[in-house]
Amino acid sequence: ASHPEQPEMSTSDVGSSQTVPPDNSGTAAKQEEACDHGAQQQSPTLAVSKNGDDEHEEQSRSNSAASSGKRKSWEDGDETKLSKNQLKKKRRWEKADELKRQRKLEKKLAKAEKAKLEGRDVQAEQLAMEQSRKNGAGWEKRNKLWWERFRREAPGYQICIDCSFDALMTPKEINSLASQIRYCYAANRRSRCPASVKLTSLDGATRELLQSVSGFESWENRAFTNTAESLENAYEDKSKLVYLTSDSENVIETLDDDKIYCIGGIVDRNRLKRATIDRAERLGIATARLPLSDHLDLITTKVLTTNHVFEILVKFKELNGWKDALLAVMPKRKNAEEKPPTSTEHDATSSSSSPS
């Protein structure tokens, strides 16, 4: 005997309710009534209709409401369905949000009061600002000021990020590298002493990720250029290059204005040992490592990310030395602390400060 074809069920339908097949006999009305009664017993929130598509839509709504019940109870203020931990989180979130709103309001009122005391028309200034944004005049002004700062404060040394390790990295690691390069650009743009930067071997997946970033093509307007050329082809005089790597035995003491300091654009989660120093030695480029141990007490690895090394080089000129630059950049997870002076240094300081 042939059976009537049942309507399809989505994955979310399984286990939530039963679909009653349509009856082609003359008792369709009775079957529909019995079906409705059975559906109400199984799930009060689910109504079975004559049309299979309508039933699936209703079931989807029911399942969606059930899965987001906690979120809706949070939004609607129904705290009876929240656990103790959820209530604590909700309280913390509300307190932080209220504090944020209060600070924003106080800042806005302070700016308005200051403008009033100075006799300024805040509304007219806002309109002028919006007009400048639309016609590009604001960007041109900021760009001009940045280049004036660059010519006045930029260090003599240059920085290069070698992006030739794409083939050795996983897609996740390449994505991390692209993010770190973006951090480098932002740090250089904001710096009081911005440096001249070049990305070499920028091709393939890393380049594709950066090109998806809004404004990437205009990075060169902030002295942050890029090329698909390899490191050895991008610079003619290799004697000016110094490859920074934690595997080097040479500790760098200062940054020379006539040098180009190379940073390996690589994220390997400690998988690829000696990748950067091996590349530098193959190319015949001098290597060096940052003087971390000379200035800091570290209990973790001395391997830093690309953007942290970059920021240290930029901060060196800005803060006039390694110690302050290292302390300003080192991430908190490193638990870096200033190294106490040696007994020789302490004696020298004491003798120089004592009266004659």
# chains A, B, ... in the order shown; residues from 1 in each chain; ligands from 1

call {"tool": "select_by_dssp", "arguments": {"residues": "region 72-301 of chain A", "states": "alpha helix (DSSP H)", "output": "count of residues only"}}
result
114

call {"tool": "residues_around", "arguments": {"residues": "region 199-204 of chain A", "least_positions_apart": "5", "cutoff": "10 Å", "atoms": "only C-alpha atoms", "output": "PyMOL selection string"}}
result
chain A and resi 159-167+181+209-210+224-235+262-263+265

call {"tool": "write_last_selection", "arguments": {"atoms": "C-alpha atoms", "output": "PDB file, in the first residue's frame"}}
result
ATOM      1  CA  ILE A 159      62.983  50.277   9.428  1.00  0.00           C
ATOM      2  CA  CYS A 160      62.240  47.377   7.111  1.00  0.00           C
ATOM      3  CA  ILE A 161      59.746  44.560   7.684  1.00  0.00           C
ATOM      4  CA  ASP A 162      60.706  41.440   5.737  1.00  0.00           C
ATOM      5  CA  CYS A 163      57.470  39.691   4.653  1.00  0.00           C
ATOM      6  CA  SER A 164      59.077  36.731   2.878  1.00  0.00           C
ATOM      7  CA  PHE A 165      57.792  33.996   5.203  1.00  0.00           C
ATOM      8  CA  ASP A 166      54.251  33.498   3.873  1.00  0.00           C
ATOM      9  CA  ALA A 167      54.997  30.006   2.569  1.00  0.00           C
ATOM     10  CA  ILE A 181      51.618  45.205  10.401  1.00  0.00           C
ATOM     11  CA  LEU A 209      44.685  40.823   3.580  1.00  0.00           C
ATOM     12  CA  LEU A 210      46.213  44.294   3.811  1.00  0.00           C
ATOM     13  CA  PHE A 224      55.018  53.586   5.136  1.00  0.00           C
ATOM     14  CA  THR A 225      55.795  52.125   1.713  1.00  0.00           C
ATOM     15  CA  ASN A 226      55.697  48.565   0.394  1.00  0.00           C
ATOM     16  CA  THR A 227      57.141  46.533  -2.466  1.00  0.00           C
ATOM     17  CA  ALA A 228      56.928  43.002  -3.814  1.00  0.00           C
ATOM     18  CA  GLU A 229      60.721  43.035  -4.225  1.00  0.00           C
ATOM     19  CA  SER A 230      62.733  40.855  -1.879  1.00  0.00           C
ATOM     20  CA  LEU A 231      64.893  42.320   0.870  1.00  0.00           C
ATOM     21  CA  GLU A 232      68.131  41.740  -1.035  1.00  0.00           C
ATOM     22  CA  ASN A 233      66.789  43.459  -4.167  1.00  0.00           C
ATOM     23  CA  ALA A 234      65.059  46.363  -2.414  1.00  0.00           C
ATOM     24  CA  TYR A 235      68.341  47.681  -0.969  1.00  0.00           C
ATOM     25  CA  CYS A 262      65.141  44.704   9.454  1.00  0.00           C
ATOM     26  CA  ILE A 263      62.391  42.911  11.351  1.00  0.00           C
ATOM     27  CA  GLY A 265      57.565  39.533   9.401  1.00  0.00           C
TER      28      GLY A 265
END

call {"tool": "select_by_dssp", "arguments": {"residues": "region 228-297 of chain A", "states": "strand (DSSP E)", "output": "short mmCIF file (atom, residue, chain, number, x, y, z; two decimals) with all heavy atoms, in the first residue's frame"}}
result
data_model
loop_
_atom_site.label_atom_id
_atom_site.label_comp_id
_atom_site.auth_asym_id
_atom_site.auth_seq_id
_atom_site.Cartn_x
_atom_site.Cartn_y
_atom_site.Cartn_z
N LEU A 241 72.34 47.14 6.19
CA LEU A 241 71.26 46.35 6.77
C LEU A 241 71.70 45.64 8.05
O LEU A 241 72.79 45.10 8.13
CB LEU A 241 70.77 45.31 5.76
CG LEU A 241 70.22 45.84 4.43
CD1 LEU A 241 69.87 44.68 3.51
CD2 LEU A 241 68.99 46.71 4.67
N VAL A 242 70.82 45.64 9.03
CA VAL A 242 71.02 44.90 10.28
C VAL A 242 69.73 44.15 10.56
O VAL A 242 68.68 44.76 10.77
CB VAL A 242 71.36 45.83 11.46
CG1 VAL A 242 71.51 45.02 12.74
CG2 VAL A 242 72.61 46.63 11.18
N TYR A 243 69.82 42.82 10.56
CA TYR A 243 68.63 41.99 10.78
C TYR A 243 68.48 41.72 12.28
O TYR A 243 69.36 41.13 12.90
CB TYR A 243 68.75 40.67 10.03
CG TYR A 243 67.44 40.14 9.52
CD1 TYR A 243 67.20 40.00 8.16
CD2 TYR A 243 66.42 39.76 10.40
CE1 TYR A 243 65.99 39.51 7.67
CE2 TYR A 243 65.22 39.28 9.94
CZ TYR A 243 65.00 39.16 8.58
OH TYR A 243 63.79 38.68 8.11
N LEU A 244 67.38 42.15 12.86
CA LEU A 244 67.14 41.97 14.29
C LEU A 244 66.50 40.61 14.53
O LEU A 244 65.43 40.31 13.99
CB LEU A 244 66.24 43.08 14.82
CG LEU A 244 66.80 44.50 14.70
CD1 LEU A 244 65.79 45.51 15.21
CD2 LEU A 244 68.12 44.63 15.45
N ILE A 260 69.76 50.48 8.35
CA ILE A 260 68.38 50.06 8.08
C ILE A 260 68.13 48.79 8.89
O ILE A 260 68.78 47.77 8.66
CB ILE A 260 68.16 49.79 6.58
CG1 ILE A 260 68.50 51.04 5.75
CG2 ILE A 260 66.72 49.34 6.32
CD1 ILE A 260 68.60 50.78 4.27
N TYR A 261 67.23 48.86 9.86
CA TYR A 261 67.01 47.74 10.76
C TYR A 261 65.83 46.90 10.26
O TYR A 261 64.71 47.41 10.07
CB TYR A 261 66.75 48.27 12.18
CG TYR A 261 67.99 48.93 12.74
CD1 TYR A 261 68.16 50.31 12.66
CD2 TYR A 261 69.02 48.17 13.29
CE1 TYR A 261 69.31 50.92 13.13
CE2 TYR A 261 70.17 48.78 13.77
CZ TYR A 261 70.32 50.15 13.68
OH TYR A 261 71.47 50.75 14.15
N CYS A 262 66.12 45.62 10.04
CA CYS A 262 65.14 44.70 9.45
C CYS A 262 64.47 43.86 10.54
O CYS A 262 65.14 43.35 11.44
CB CYS A 262 65.81 43.78 8.45
SG CYS A 262 66.74 44.64 7.16
N ILE A 263 63.18 43.73 10.43
CA ILE A 263 62.39 42.91 11.35
C ILE A 263 61.75 41.78 10.55
O ILE A 263 61.18 42.02 9.48
CB ILE A 263 61.29 43.73 12.04
CG1 ILE A 263 61.88 44.96 12.73
CG2 ILE A 263 60.51 42.89 13.04
CD1 ILE A 263 60.83 45.94 13.24
N GLY A 264 61.85 40.58 11.05
CA GLY A 264 61.24 39.45 10.35
C GLY A 264 59.73 39.46 10.50
O GLY A 264 59.21 39.40 11.61
N ALA A 286 74.27 41.42 8.37
CA ALA A 286 74.64 41.44 9.79
C ALA A 286 73.39 41.26 10.66
O ALA A 286 72.29 41.69 10.29
CB ALA A 286 75.32 42.76 10.13
N THR A 287 73.58 40.62 11.80
CA THR A 287 72.45 40.38 12.71
C THR A 287 72.73 40.99 14.08
O THR A 287 73.89 41.22 14.45
CB THR A 287 72.19 38.87 12.88
OG1 THR A 287 73.33 38.26 13.50
CG2 THR A 287 71.90 38.21 11.54
N ALA A 288 71.67 41.20 14.83
CA ALA A 288 71.80 41.73 16.19
C ALA A 288 70.50 41.45 16.93
O ALA A 288 69.47 41.18 16.32
CB ALA A 288 72.10 43.22 16.18
N LEU A 296 66.12 44.66 31.47
CA LEU A 296 64.89 44.12 32.06
C LEU A 296 65.13 42.76 32.70
O LEU A 296 66.02 42.01 32.28
CB LEU A 296 63.80 43.96 30.99
CG LEU A 296 63.37 45.21 30.21
CD1 LEU A 296 62.34 44.83 29.17
CD2 LEU A 296 62.83 46.29 31.13
N ASP A 297 64.33 42.46 33.70
CA ASP A 297 64.27 41.12 34.27
C ASP A 297 63.05 40.44 33.67
O ASP A 297 61.91 40.88 33.89
CB ASP A 297 64.14 41.19 35.80
CG ASP A 297 65.50 41.30 36.47
OD1 ASP A 297 66.49 40.88 35.86
OD2 ASP A 297 65.56 41.84 37.60
#

call {"tool": "residues_around", "arguments": {"residues": "Ser191 (chain A)", "least_positions_apart": "6", "cutoff": "10 Å", "atoms": "only C-alpha atoms", "output": "list in words"}}
result
Trp146, Arg149, Phe150, Glu153, Ala154, Tyr185, Glu311, Val314, Lys315 and Glu318 of chain A

call {"tool": "write_last_selection", "arguments": {"atoms": "N, CA and C atoms", "output": "PDB file, in the first residue's frame"}}
result
ATOM      1  N   TRP A 146      51.588  66.272   9.595  1.00  0.00           N
ATOM      2  CA  TRP A 146      52.340  65.038   9.851  1.00  0.00           C
ATOM      3  C   TRP A 146      53.693  65.076   9.165  1.00  0.00           C
ATOM      4  N   ARG A 149      56.135  67.226  10.972  1.00  0.00           N
ATOM      5  CA  ARG A 149      56.680  66.521  12.140  1.00  0.00           C
ATOM      6  C   ARG A 149      57.694  65.467  11.709  1.00  0.00           C
ATOM      7  N   PHE A 150      57.410  64.788  10.628  1.00  0.00           N
ATOM      8  CA  PHE A 150      58.325  63.751  10.135  1.00  0.00           C
ATOM      9  C   PHE A 150      59.681  64.351   9.752  1.00  0.00           C
ATOM     10  N   GLU A 153      61.378  65.550  13.191  1.00  0.00           N
ATOM     11  CA  GLU A 153      61.669  64.639  14.288  1.00  0.00           C
ATOM     12  C   GLU A 153      62.097  63.233  13.881  1.00  0.00           C
ATOM     13  N   ALA A 154      61.945  62.866  12.619  1.00  0.00           N
ATOM     14  CA  ALA A 154      62.221  61.482  12.211  1.00  0.00           C
ATOM     15  C   ALA A 154      63.670  61.100  12.476  1.00  0.00           C
ATOM     16  N   TYR A 185      51.848  50.301  11.495  1.00  0.00           N
ATOM     17  CA  TYR A 185      51.488  51.531  10.776  1.00  0.00           C
ATOM     18  C   TYR A 185      50.850  52.547  11.722  1.00  0.00           C
ATOM     19  N   GLU A 311      57.724  48.926  17.551  1.00  0.00           N
ATOM     20  CA  GLU A 311      57.444  50.033  18.468  1.00  0.00           C
ATOM     21  C   GLU A 311      58.653  50.374  19.328  1.00  0.00           C
ATOM     22  N   VAL A 314      60.895  52.607  17.338  1.00  0.00           N
ATOM     23  CA  VAL A 314      60.351  53.964  17.222  1.00  0.00           C
ATOM     24  C   VAL A 314      60.481  54.708  18.549  1.00  0.00           C
ATOM     25  N   LYS A 315      60.212  53.998  19.656  1.00  0.00           N
ATOM     26  CA  LYS A 315      60.283  54.631  20.978  1.00  0.00           C
ATOM     27  C   LYS A 315      61.719  54.967  21.391  1.00  0.00           C
ATOM     28  N   GLU A 318      62.176  58.428  20.475  1.00  0.00           N
ATOM     29  CA  GLU A 318      61.209  59.271  21.181  1.00  0.00           C
ATOM     30  C   GLU A 318      61.547  59.434  22.654  1.00  0.00           C
TER      31      GLU A 318
END

call {"tool": "closest_residue", "arguments": {"among": "A:Arg289, A:Arg120, A:Lys134, A:Lys198", "to": "Glu220 (chain A)", "atoms": "only C-alpha atoms"}}
result
A:Lys198

call {"tool": "closest_residue", "arguments": {"among": "A:Arg274, A:Gln131, A:Leu319, A:Cys184", "to": "Asn307 (chain A)", "atoms": "only C-alpha atoms"}}
result
A:Cys184

call {"tool": "closest_residue", "arguments": {"among": "A:Arg271, A:Val303, A:Asn188, A:Ala205", "to": "Thr245 (chain A)", "atoms": "only C-alpha atoms"}}
result
A:Val303

call {"tool": "residues_around", "arguments": {"residues": "Thr170 (chain A)", "least_positions_apart": "4", "cutoff": "10 Å", "atoms": "only C-alpha atoms", "output": "list in words"}}
result
Asp166, Ile174, Asn175, Ser176, Val267 and Asp268 of chain A

call {"tool": "write_last_selection", "arguments": {"atoms": "N, CA and C atoms", "output": "mmCIF file, in the first residue's frame"}}
result
data_model
loop_
_atom_site.group_PDB
_atom_site.id
_atom_site.type_symbol
_atom_site.label_atom_id
_atom_site.label_comp_id
_atom_site.auth_asym_id
_atom_site.auth_seq_id
_atom_site.Cartn_x
_atom_site.Cartn_y
_atom_site.Cartn_z
ATOM 1 N N ASP A 166 55.639 33.947 4.059
ATOM 2 C CA ASP A 166 54.251 33.498 3.873
ATOM 3 C C ASP A 166 54.147 31.985 3.673
ATOM 4 N N ILE A 174 49.261 33.988 9.122
ATOM 5 C CA ILE A 174 49.344 35.085 8.150
ATOM 6 C C ILE A 174 48.367 36.191 8.518
ATOM 7 N N ASN A 175 47.189 35.811 8.967
ATOM 8 C CA ASN A 175 46.206 36.802 9.397
ATOM 9 C C ASN A 175 46.723 37.597 10.597
ATOM 10 N N SER A 176 47.408 36.906 11.513
ATOM 11 C CA SER A 176 47.996 37.585 12.682
ATOM 12 C C SER A 176 49.083 38.560 12.246
ATOM 13 N N VAL A 267 55.014 35.051 12.050
ATOM 14 C CA VAL A 267 54.285 34.592 13.230
ATOM 15 C C VAL A 267 54.311 33.070 13.157
ATOM 16 N N ASP A 268 55.026 32.427 14.084
ATOM 17 C CA ASP A 268 55.209 30.975 13.971
ATOM 18 C C ASP A 268 54.840 30.210 15.232
#

call {"tool": "closest_residue", "arguments": {"among": "A:Ala187, A:Glu94, A:Val251, A:Ile299", "to": "Ile312 (chain A)", "atoms": "only C-alpha atoms"}}
result
A:Ala187

call {"tool": "atom_distance", "arguments": {"atom1": "CA of Val122 (chain A)", "atom2": "CA of Asn143 (chain A)"}}
result
24.3 Å

call {"tool": "closest_residue", "arguments": {"among": "A:Thr254, A:Ser248, A:Gln126, A:Ser293", "to": "Ile277 (chain A)", "atoms": "only C-alpha atoms"}}
result
A:Ser248

call {"tool": "residues_around", "arguments": {"residues": "Pro155 (chain A)", "least_positions_apart": "5", "cutoff": "8 Å", "atoms": "only C-alpha atoms", "output": "list in words"}}
result
Cys193, Pro194, Ala195, Asp257 and Lys317 of chain A

call {"tool": "write_last_selection", "arguments": {"atoms": "N, CA, C and O atoms", "output": "mmCIF file, in the first residue's frame"}}
result
data_model
loop_
_atom_site.group_PDB
_atom_site.id
_atom_site.type_symbol
_atom_site.label_atom_id
_atom_site.label_comp_id
_atom_site.auth_asym_id
_atom_site.auth_seq_id
_atom_site.Cartn_x
_atom_site.Cartn_y
_atom_site.Cartn_z
ATOM 1 N N CYS A 193 58.102 60.750 16.879
ATOM 2 C CA CYS A 193 59.281 60.661 16.016
ATOM 3 C C CYS A 193 59.076 59.533 15.003
ATOM 4 O O CYS A 193 59.701 58.471 15.108
ATOM 5 N N PRO A 194 58.198 59.716 14.018
ATOM 6 C CA PRO A 194 57.912 58.643 13.068
ATOM 7 C C PRO A 194 59.111 58.320 12.194
ATOM 8 O O PRO A 194 59.909 59.191 11.846
ATOM 9 N N ALA A 195 59.253 57.046 11.843
ATOM 10 C CA ALA A 195 60.381 56.587 11.036
ATOM 11 C C ALA A 195 59.933 56.308 9.608
ATOM 12 O O ALA A 195 58.747 56.183 9.317
ATOM 13 N N ASP A 257 72.167 56.148 12.715
ATOM 14 C CA ASP A 257 71.332 56.847 11.743
ATOM 15 C C ASP A 257 71.539 56.385 10.305
ATOM 16 O O ASP A 257 70.661 56.586 9.470
ATOM 17 N N LYS A 317 64.039 56.517 19.791
ATOM 18 C CA LYS A 317 64.312 57.930 19.485
ATOM 19 C C LYS A 317 63.405 58.841 20.313
ATOM 20 O O LYS A 317 63.844 59.878 20.824
#
